[in-house]
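Peer 1: See query.tsv below, with TSV, C-alpha atoms and all ligand atoms.
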```
chain	number	residue	atom	x	y	z
A	801	MET	CA	16.57	39.37	-145.68
A	802	MET	CA	14.62	42.52	-146.53
A	803	LYS	CA	13.19	44.56	-143.66
A	804	THR	CA	10.44	47.12	-143.71
A	805	MET	CA	10.44	47.65	-139.95
A	806	SER	CA	13.48	47.57	-137.79
A	807	ASP	CA	14.32	46.92	-134.22
A	808	LEU	CA	17.83	48.24	-134.30
A	809	THR	CA	19.92	49.59	-131.45
A	810	LEU	CA	23.10	51.54	-132.11
A	811	VAL	CA	25.65	51.76	-129.33
A	812	ILE	CA	27.79	54.87	-129.73
A	813	GLY	CA	30.38	56.94	-127.88
A	814	ASN	CA	30.44	60.66	-127.09
A	815	LYS	CA	28.91	62.56	-129.99
A	816	ASN	CA	31.52	65.29	-129.66
A	817	TYR	CA	34.48	62.97	-130.04
A	818	SER	CA	33.49	59.64	-131.52
A	819	SER	CA	33.92	59.93	-135.25
A	820	TRP	CA	33.37	56.22	-135.87
A	821	SER	CA	30.00	56.42	-134.10
A	822	LEU	CA	28.84	59.28	-136.31
A	823	ARG	CA	29.16	57.27	-139.52
A	824	PRO	CA	26.43	54.64	-139.04
A	825	TRP	CA	24.35	57.07	-136.94
A	826	VAL	CA	24.09	59.68	-139.71
A	827	LEU	CA	23.39	56.93	-142.23
A	828	LEU	CA	20.45	55.58	-140.22
A	829	ARG	CA	19.09	59.08	-139.56
A	830	TYR	CA	19.42	60.25	-143.15
A	831	PHE	CA	17.52	57.22	-144.41
A	832	GLU	CA	14.93	57.56	-141.61
A	833	ILE	CA	15.58	54.07	-140.33
A	834	PRO	CA	14.33	53.99	-136.74
A	835	PHE	CA	16.78	52.87	-134.09
A	836	LYS	CA	17.34	53.09	-130.37
A	837	GLU	CA	20.52	54.76	-129.23
A	838	ILE	CA	22.72	53.76	-126.32
A	839	LEU	CA	25.42	56.35	-125.64
A	840	ILE	CA	28.40	55.28	-123.56
A	841	PRO	CA	30.73	58.12	-122.54
A	842	LEU	CA	34.23	56.96	-123.46
A	843	ARG	CA	37.48	57.31	-121.51
A	844	GLN	CA	35.66	57.03	-118.18
A	845	ALA	CA	36.67	54.47	-115.55
A	846	ASP	CA	33.79	52.15	-116.48
A	847	SER	CA	33.66	52.80	-120.26
A	848	ARG	CA	35.42	49.63	-121.35
A	849	GLU	CA	33.32	47.43	-119.10
A	850	LYS	CA	30.16	49.01	-120.49
A	851	VAL	CA	31.19	48.67	-124.14
A	852	LEU	CA	32.27	45.06	-123.59
A	853	GLN	CA	28.65	44.22	-122.72
A	854	TYR	CA	27.91	44.72	-126.42
A	855	SER	CA	31.10	43.91	-128.31
A	856	ARG	CA	34.08	41.76	-127.51
A	857	LEU	CA	36.26	44.22	-129.39
A	858	GLY	CA	35.44	46.83	-126.76
A	859	LYS	CA	34.92	49.63	-129.28
A	860	VAL	CA	31.94	51.59	-130.52
A	861	PRO	CA	29.89	51.76	-132.69
A	862	VAL	CA	28.01	48.49	-132.27
A	863	LEU	CA	24.72	47.65	-133.97
A	864	LEU	CA	22.30	45.25	-132.29
A	865	ASP	CA	19.56	43.63	-134.32
A	866	GLY	CA	17.89	40.93	-132.26
A	867	LYS	CA	20.43	38.14	-131.93
A	868	ILE	CA	22.77	39.74	-134.45
A	869	THR	CA	25.56	42.02	-133.24
A	870	VAL	CA	27.69	43.91	-135.72
A	871	TRP	CA	30.65	46.13	-134.94
A	872	GLU	CA	33.19	47.92	-137.17
A	873	SER	CA	31.52	50.96	-138.70
A	874	LEU	CA	31.79	49.89	-142.34
A	875	ALA	CA	30.46	46.41	-141.57
A	876	ILE	CA	27.51	48.05	-139.79
A	877	CYS	CA	26.80	50.23	-142.84
A	878	GLU	CA	27.02	47.16	-145.11
A	879	TYR	CA	24.66	45.23	-142.85
A	880	VAL	CA	22.10	48.04	-142.89
A	881	ALA	CA	22.41	48.27	-146.69
A	882	GLU	CA	21.70	44.56	-146.89
A	883	ILE	CA	18.63	44.54	-144.66
A	884	PHE	CA	17.17	47.65	-146.33
A	885	PRO	CA	17.92	47.05	-150.04
A	886	GLN	CA	14.91	49.21	-150.95
A	887	LYS	CA	16.70	52.26	-149.47
A	888	ALA	CA	19.71	52.09	-151.84
A	889	LEU	CA	22.44	52.91	-149.34
A	890	TRP	CA	25.02	52.34	-152.06
A	891	PRO	CA	24.81	53.80	-155.60
A	892	LYS	CA	22.59	51.72	-157.85
A	893	ASP	CA	24.91	51.05	-160.78
A	894	SER	CA	27.86	48.78	-160.24
A	895	ALA	CA	30.57	51.15	-161.54
A	896	SER	CA	29.49	53.94	-159.17
A	897	ARG	CA	29.01	51.42	-156.38
A	898	ALA	CA	32.55	50.10	-156.83
A	899	ARG	CA	33.89	53.65	-156.73
A	900	ALA	CA	31.84	54.47	-153.61
A	901	ARG	CA	33.27	51.35	-151.97
A	902	VAL	CA	36.78	52.40	-152.96
A	903	VAL	CA	36.54	55.85	-151.39
A	904	SER	CA	34.77	54.42	-148.33
A	905	GLY	CA	37.57	51.86	-148.01
A	906	GLU	CA	40.19	54.60	-148.28
A	907	MET	CA	38.54	56.44	-145.41
A	908	TYR	CA	38.01	53.32	-143.34
A	909	SER	CA	41.59	52.13	-143.59
A	910	GLY	CA	43.61	55.31	-143.97
A	911	PHE	CA	43.92	59.01	-143.30
A	912	LEU	CA	45.82	58.39	-140.08
A	913	GLY	CA	47.74	61.65	-140.45
A	914	LEU	CA	44.50	63.62	-140.55
A	915	ARG	CA	43.00	61.66	-137.67
A	916	LYS	CA	46.02	62.08	-135.46
A	917	GLN	CA	46.63	65.77	-136.03
A	918	PHE	CA	42.99	66.83	-136.23
A	919	PRO	CA	40.88	64.56	-133.99
A	920	GLN	CA	37.13	65.07	-133.94
A	921	ASN	CA	36.05	67.73	-131.45
A	922	ILE	CA	32.83	69.02	-132.93
A	923	SER	CA	31.92	71.81	-130.56
A	924	ALA	CA	35.41	73.32	-130.30
A	925	ASP	CA	36.95	76.02	-132.45
A	926	LEU	CA	40.56	74.99	-132.88
A	927	SER	CA	41.28	76.91	-136.05
A	928	GLY	CA	44.92	77.82	-136.29
A	929	LYS	CA	46.23	74.50	-135.01
A	930	PRO	CA	49.20	73.83	-137.29
A	931	SER	CA	49.11	71.00	-139.78
A	932	ASN	CA	51.95	68.64	-140.68
A	933	GLU	CA	53.11	66.76	-143.74
A	934	ASP	CA	51.01	63.63	-143.17
A	935	ALA	CA	47.85	65.58	-142.38
A	936	ASP	CA	48.39	67.85	-145.40
A	937	ARG	CA	48.74	64.82	-147.68
A	938	ASP	CA	45.52	63.34	-146.30
A	939	ILE	CA	43.63	66.63	-146.64
A	940	GLN	CA	44.76	66.89	-150.26
A	941	ARG	CA	43.51	63.38	-150.96
A	942	VAL	CA	40.12	64.04	-149.31
A	943	VAL	CA	39.72	67.22	-151.36
A	944	GLU	CA	40.69	65.33	-154.53
A	945	ILE	CA	38.08	62.64	-153.81
A	946	TRP	CA	35.36	65.18	-153.05
A	947	GLU	CA	36.13	67.29	-156.14
A	948	ASP	CA	36.34	64.30	-158.50
A	949	CYS	CA	33.08	62.84	-157.20
A	950	ARG	CA	31.21	66.12	-157.22
A	951	ARG	CA	32.40	66.90	-160.75
A	952	ASP	CA	31.31	63.50	-162.03
A	953	PHE	CA	27.98	63.25	-160.18
A	954	GLN	CA	26.85	66.87	-159.99
A	955	ASN	CA	23.90	66.26	-162.32
A	956	GLU	CA	22.59	63.48	-160.10
A	957	GLY	CA	22.40	65.31	-156.76
A	958	PRO	CA	24.51	67.15	-154.18
A	959	PHE	CA	26.27	64.17	-152.55
A	960	LEU	CA	29.49	62.41	-153.52
A	961	PHE	CA	27.63	59.98	-155.77
A	962	GLY	CA	24.56	62.13	-156.43
A	963	ALA	CA	22.23	60.65	-153.82
A	964	PHE	CA	23.35	60.25	-150.20
A	965	SER	CA	25.23	56.98	-149.77
A	966	ILE	CA	27.47	55.18	-147.32
A	967	ALA	CA	30.38	57.10	-148.85
A	968	ASP	CA	28.95	60.38	-147.51
A	969	ALA	CA	28.48	58.81	-144.08
A	970	MET	CA	32.12	57.69	-144.11
A	971	TYR	CA	33.33	61.23	-144.83
A	972	ALA	CA	30.89	62.97	-142.43
A	973	PRO	CA	33.43	63.27	-139.58
A	974	VAL	CA	35.95	64.89	-141.93
A	975	VAL	CA	33.41	67.62	-142.62
A	976	TYR	CA	33.40	68.45	-138.90
A	977	ARG	CA	37.19	68.24	-138.67
A	978	PHE	CA	37.56	70.79	-141.48
A	979	LYS	CA	35.14	73.05	-139.59
A	980	THR	CA	36.73	72.64	-136.14
A	981	TYR	CA	40.26	73.29	-137.39
A	982	GLY	CA	39.30	76.03	-139.87
A	983	ILE	CA	40.77	74.15	-142.84
A	984	GLN	CA	40.11	76.33	-145.87
A	985	LEU	CA	38.48	74.73	-148.88
A	986	THR	CA	37.41	76.20	-152.19
A	987	GLY	CA	35.02	75.36	-155.03
A	988	LEU	CA	33.27	72.01	-155.11
A	989	ALA	CA	34.91	70.74	-151.91
A	990	SER	CA	33.78	73.80	-149.97
A	991	GLU	CA	30.25	73.55	-151.37
A	992	TYR	CA	30.09	69.88	-150.41
A	993	LYS	CA	31.27	70.59	-146.85
A	994	GLU	CA	28.66	73.34	-146.37
A	995	MET	CA	25.90	71.16	-147.82
A	996	MET	CA	26.80	68.31	-145.46
A	997	LEU	CA	26.85	70.66	-142.45
A	998	SER	CA	23.35	71.85	-143.34
A	999	LEU	CA	21.80	68.37	-143.31
A	1000	PRO	CA	19.21	67.97	-140.51
A	1001	ALA	CA	20.88	64.73	-139.36
A	1002	MET	CA	24.28	66.43	-139.10
A	1003	LYS	CA	22.77	69.39	-137.26
A	1004	GLU	CA	21.01	67.07	-134.83
A	1005	TRP	CA	24.31	65.33	-134.03
A	1006	HIS	CA	26.10	68.69	-133.68
A	1007	VAL	CA	23.48	70.10	-131.27
A	1008	ALA	CA	23.68	66.98	-129.11
A	1009	ALA	CA	27.51	67.04	-129.18
A	1010	ALA	CA	27.54	70.66	-128.01
A	1011	LYS	CA	25.34	69.76	-125.03
A	1012	GLU	CA	27.56	66.93	-123.80
A	1013	GLU	CA	29.21	67.54	-120.49
A	1014	PHE	CA	31.66	64.64	-120.44
A	1015	SER	CA	34.96	65.51	-122.03
A	1016	TRP	CA	38.36	63.87	-122.34
A	1101	LIG	N1	37.50	50.30	-136.80
A	1101	LIG	C1	36.52	50.64	-135.80
A	1101	LIG	C2	37.07	51.74	-134.93
A	1101	LIG	C3	36.20	51.98	-133.71
A	1101	LIG	C4	36.85	52.88	-132.69
A	1101	LIG	O1	38.10	53.06	-132.67
A	1101	LIG	N2	36.04	53.45	-131.81
A	1101	LIG	C5	36.53	54.30	-130.75
A	1101	LIG	C6	35.62	55.51	-130.56
A	1101	LIG	S1	35.59	56.57	-131.96
A	1101	LIG	C7	36.45	53.52	-129.44
A	1101	LIG	O2	35.53	52.76	-129.23
A	1101	LIG	N3	37.41	53.75	-128.56
A	1101	LIG	C8	37.37	53.18	-127.26
A	1101	LIG	C9	38.63	52.46	-126.94
A	1101	LIG	O3	39.47	52.30	-127.82
A	1101	LIG	O4	38.76	52.05	-125.78
A	1101	LIG	C10	35.21	51.04	-136.50
A	1101	LIG	O5	35.24	51.30	-137.70
A	1101	LIG	O6	34.14	51.01	-135.87
```
Could you write out this file's structure as structure tokens?
Ligand SMILES: N[C@@H](CCC(=O)N[C@@H](CS)C(=O)NCC(=O)O)C(=O)O
Peer 2:
Amino acid sequence: MMKTMSDLTLVIGNKNYSSWSLRPWVLLRYFEIPFKEILIPLRQADSREKVLQYSRLGKVPVLLDGKITVWESLAICEYVAEIFPQKALWPKDSASRARARVVSGEMYSGFLGLRKQFPQNISADLSGKPSNEDADRDIQRVVEIWEDCRRDFQNEGPFLFGAFSIADAMYAPVVYRFKTYGIQLTGLASEYKEMMLSLPAMKEWHVAAAKEEFSW
């Protein structure tokens, strides 16, 4: 099913805190796929009830496309890739695509140490918060992935696999975490982080996150 127009709605949580929401949001924005946004502030008394209107899992993000409802951020990204094949949301050749799926899968299913110690809080400056062994191991692995990808794809563009792909969307929240917690990077990893922060879609999310009044 190839679409040229879309009637998509993305249900998300607080932009400041909801890292899973950012992933499909930045993907849709980067590829200029129009969508309506429904933002449900999380951790409020009525949050769960509101999210349950859209997904029986009770978590955001959720993508609505007519009668089709998709939740789980990676499944949403896959669905969008499928309905917009002309936009090449994954790398075009199968070896690069497999590798992009691998690193996206690593992010989707892992990095719990990083998530726990350094939760997304985009508008805060929490540099100096101490790390721990699990978070350090995760940071090292993220840096390794970024450096390997940038080294191998640097002639094809500035993103992990040259052109922007779902893999970049999956790592977008980590870019903010490194910024919030002042985690020092060097070389290719640092360049990649700065480039991601300068993207109009990332800036748009950041500006909106900074304006949010609801906190937890
Ligand atoms: N595996 C899910 C995780 C979604 C998730 O944990 N979302 C959080 C917000 S970032 C949420 O909805 N939390 C509300 C809750 O757990 O009640 C995905 O990839 O979308």
Peer 1: Using all atoms listed in the file, which of the listed residues (A:Arg951, A:His1006, A:Arg856, A:Arg941) sits closest to ligand LIG 1101 (chain A)?
Peer 2: A:Arg856
Peer 1: Taking only residues of chain A that have an atom at most 8 Å from an atom of ligand LIG 1101 (chain A), what is each one's shortest atom pair and its distance in Å to one decimal, using all atoms listed in the file, in chain and number order, as a tab-separated table?
Peer 2:
```
residue	atom	partner	partner_atom	distance
A:Ile812	CA	A:LIG1101	C6	7.9
A:Gly813	CA	A:LIG1101	C6	6.1
A:Tyr817	CA	A:LIG1101	S1	6.8
A:Ser818	CA	A:LIG1101	S1	3.7
A:Ser819	CA	A:LIG1101	S1	5.0
A:Trp820	CA	A:LIG1101	S1	4.5
A:Ser821	CA	A:LIG1101	S1	6.0
A:Leu842	CA	A:LIG1101	C8	6.2
A:Arg843	CA	A:LIG1101	O4	6.9
A:Ser847	CA	A:LIG1101	O4	7.6
A:Arg848	CA	A:LIG1101	O4	6.1
A:Val851	CA	A:LIG1101	O2	7.8
A:Gly858	CA	A:LIG1101	O4	6.3
A:Lys859	CA	A:LIG1101	O2	3.2
A:Val860	CA	A:LIG1101	O2	4.0
A:Pro861	CA	A:LIG1101	O6	5.4
A:Val862	CA	A:LIG1101	O6	7.5
A:Trp871	CA	A:LIG1101	O6	6.1
A:Glu872	CA	A:LIG1101	O6	3.5
A:Ser873	CA	A:LIG1101	O6	3.9
A:Leu874	CA	A:LIG1101	O5	6.0
A:Ala875	CA	A:LIG1101	O5	7.9
A:Tyr908	CA	A:LIG1101	O5	6.6
```
Peer 1: Got a sec: who's within 9 Å of segment 822-835 of chain A, counting all atoms listed in the file, leaving out chain neighbours fewer than 6 positions off, as a PyMOL selection string?
Peer 2: chain A and resi 805-810+812-813+815+861+863+873-874+876-877+880+884+887+889+964-966+968-973+999-1002+1005
Peer 1: Would you mind listing what lies within 8 Å of segment 926-936 of chain A as a PyMOL selection string, with only C-alpha atoms counted and same-chain residues fewer than 3 positions away left out?
Peer 2: chain A and resi 911-918+939-940+980-983
Peer 1: With distances taken over only C-alpha atoms, which residue among A:Ala888, A:Ala1009, A:Met995, A:Val942 lies nearest Phe959 of chain A?
Peer 2: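 Counting only C-alpha atoms, the residue closest to Phe959 of chain A is A:Met995.
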Peer 1: Nearest to Ala895 of chain A: which of A:Ala989, A:Leu864, A:Phe961, A:Val943 is it, counting all atoms listed in the file?
Peer 2: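 Of all the options, A:Phe961 lies closest to Ala895 of chain A.
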Peer 1: With all atoms listed in the file as the basis for distance, which of A:Gly962, A:Gly910, A:Gly957, A:Pro919 is at the shortest distance from Tyr976 of chain A?
Peer 2: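 Using all atoms listed in the file, the shortest distance to Tyr976 of chain A belongs to A:Pro919.
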Peer 1: In terms of the shortest atom-to-atom distance over all atoms listed in the file, which of A:Gln844, A:Ser894, A:Asn921, A:Ser855 is closest to Arg977 of chain A?
Peer 2: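 Going through A:Gln844, A:Ser894, A:Asn921, A:Ser855 one by one, the smallest distance to Arg977 of chain A is for A:Asn921.
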Peer 1: Give me, please, the distance in Å between atom CA of Lys1003 of chain A and atom CA of Ile922 of chain A, quoted to one decimal.
Peer 2: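 Computed distance, atom CA of Lys1003 of chain A to atom CA of Ile922 of chain A, equals 11.0 Å.
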Peer 1: Distance atom CA of Leu997 of chain A-atom CA of Val975 of chain A, one decimal place?
Peer 2: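 About the pair atom CA of Leu997 of chain A and atom CA of Val975 of chain A: they are 7.2 Å apart.
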Peer 1: Let me make sure I understand: among A:Val1007, A:Leu985, A:Ala924, A:Ala900, which one has the smallest atom-to-atom distance to Ala967 of chain A if we use all atoms listed in the file?
Peer 2: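 Of all the options, A:Ala900 lies closest to Ala967 of chain A.
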Peer 1: For atom CA of Lys836 of chain A and atom CA of Leu852 of chain A, determine how far apart the two atoms are, in Å to one decimal place.
Peer 2: 18.3 Å
Peer 1: Set up a box along x, y and z of the file covering all listed atoms of segment 910-929 of chain A, add 8 Å on every one of the six sides, and write the centre and edge lengths in Å to one decimal, as JSON.
Peer 2:
```
{"center_x": 39.8, "center_y": 66.6, "center_z": -137.1, "size_x": 31.8, "size_y": 38.5, "size_z": 29.7}
```
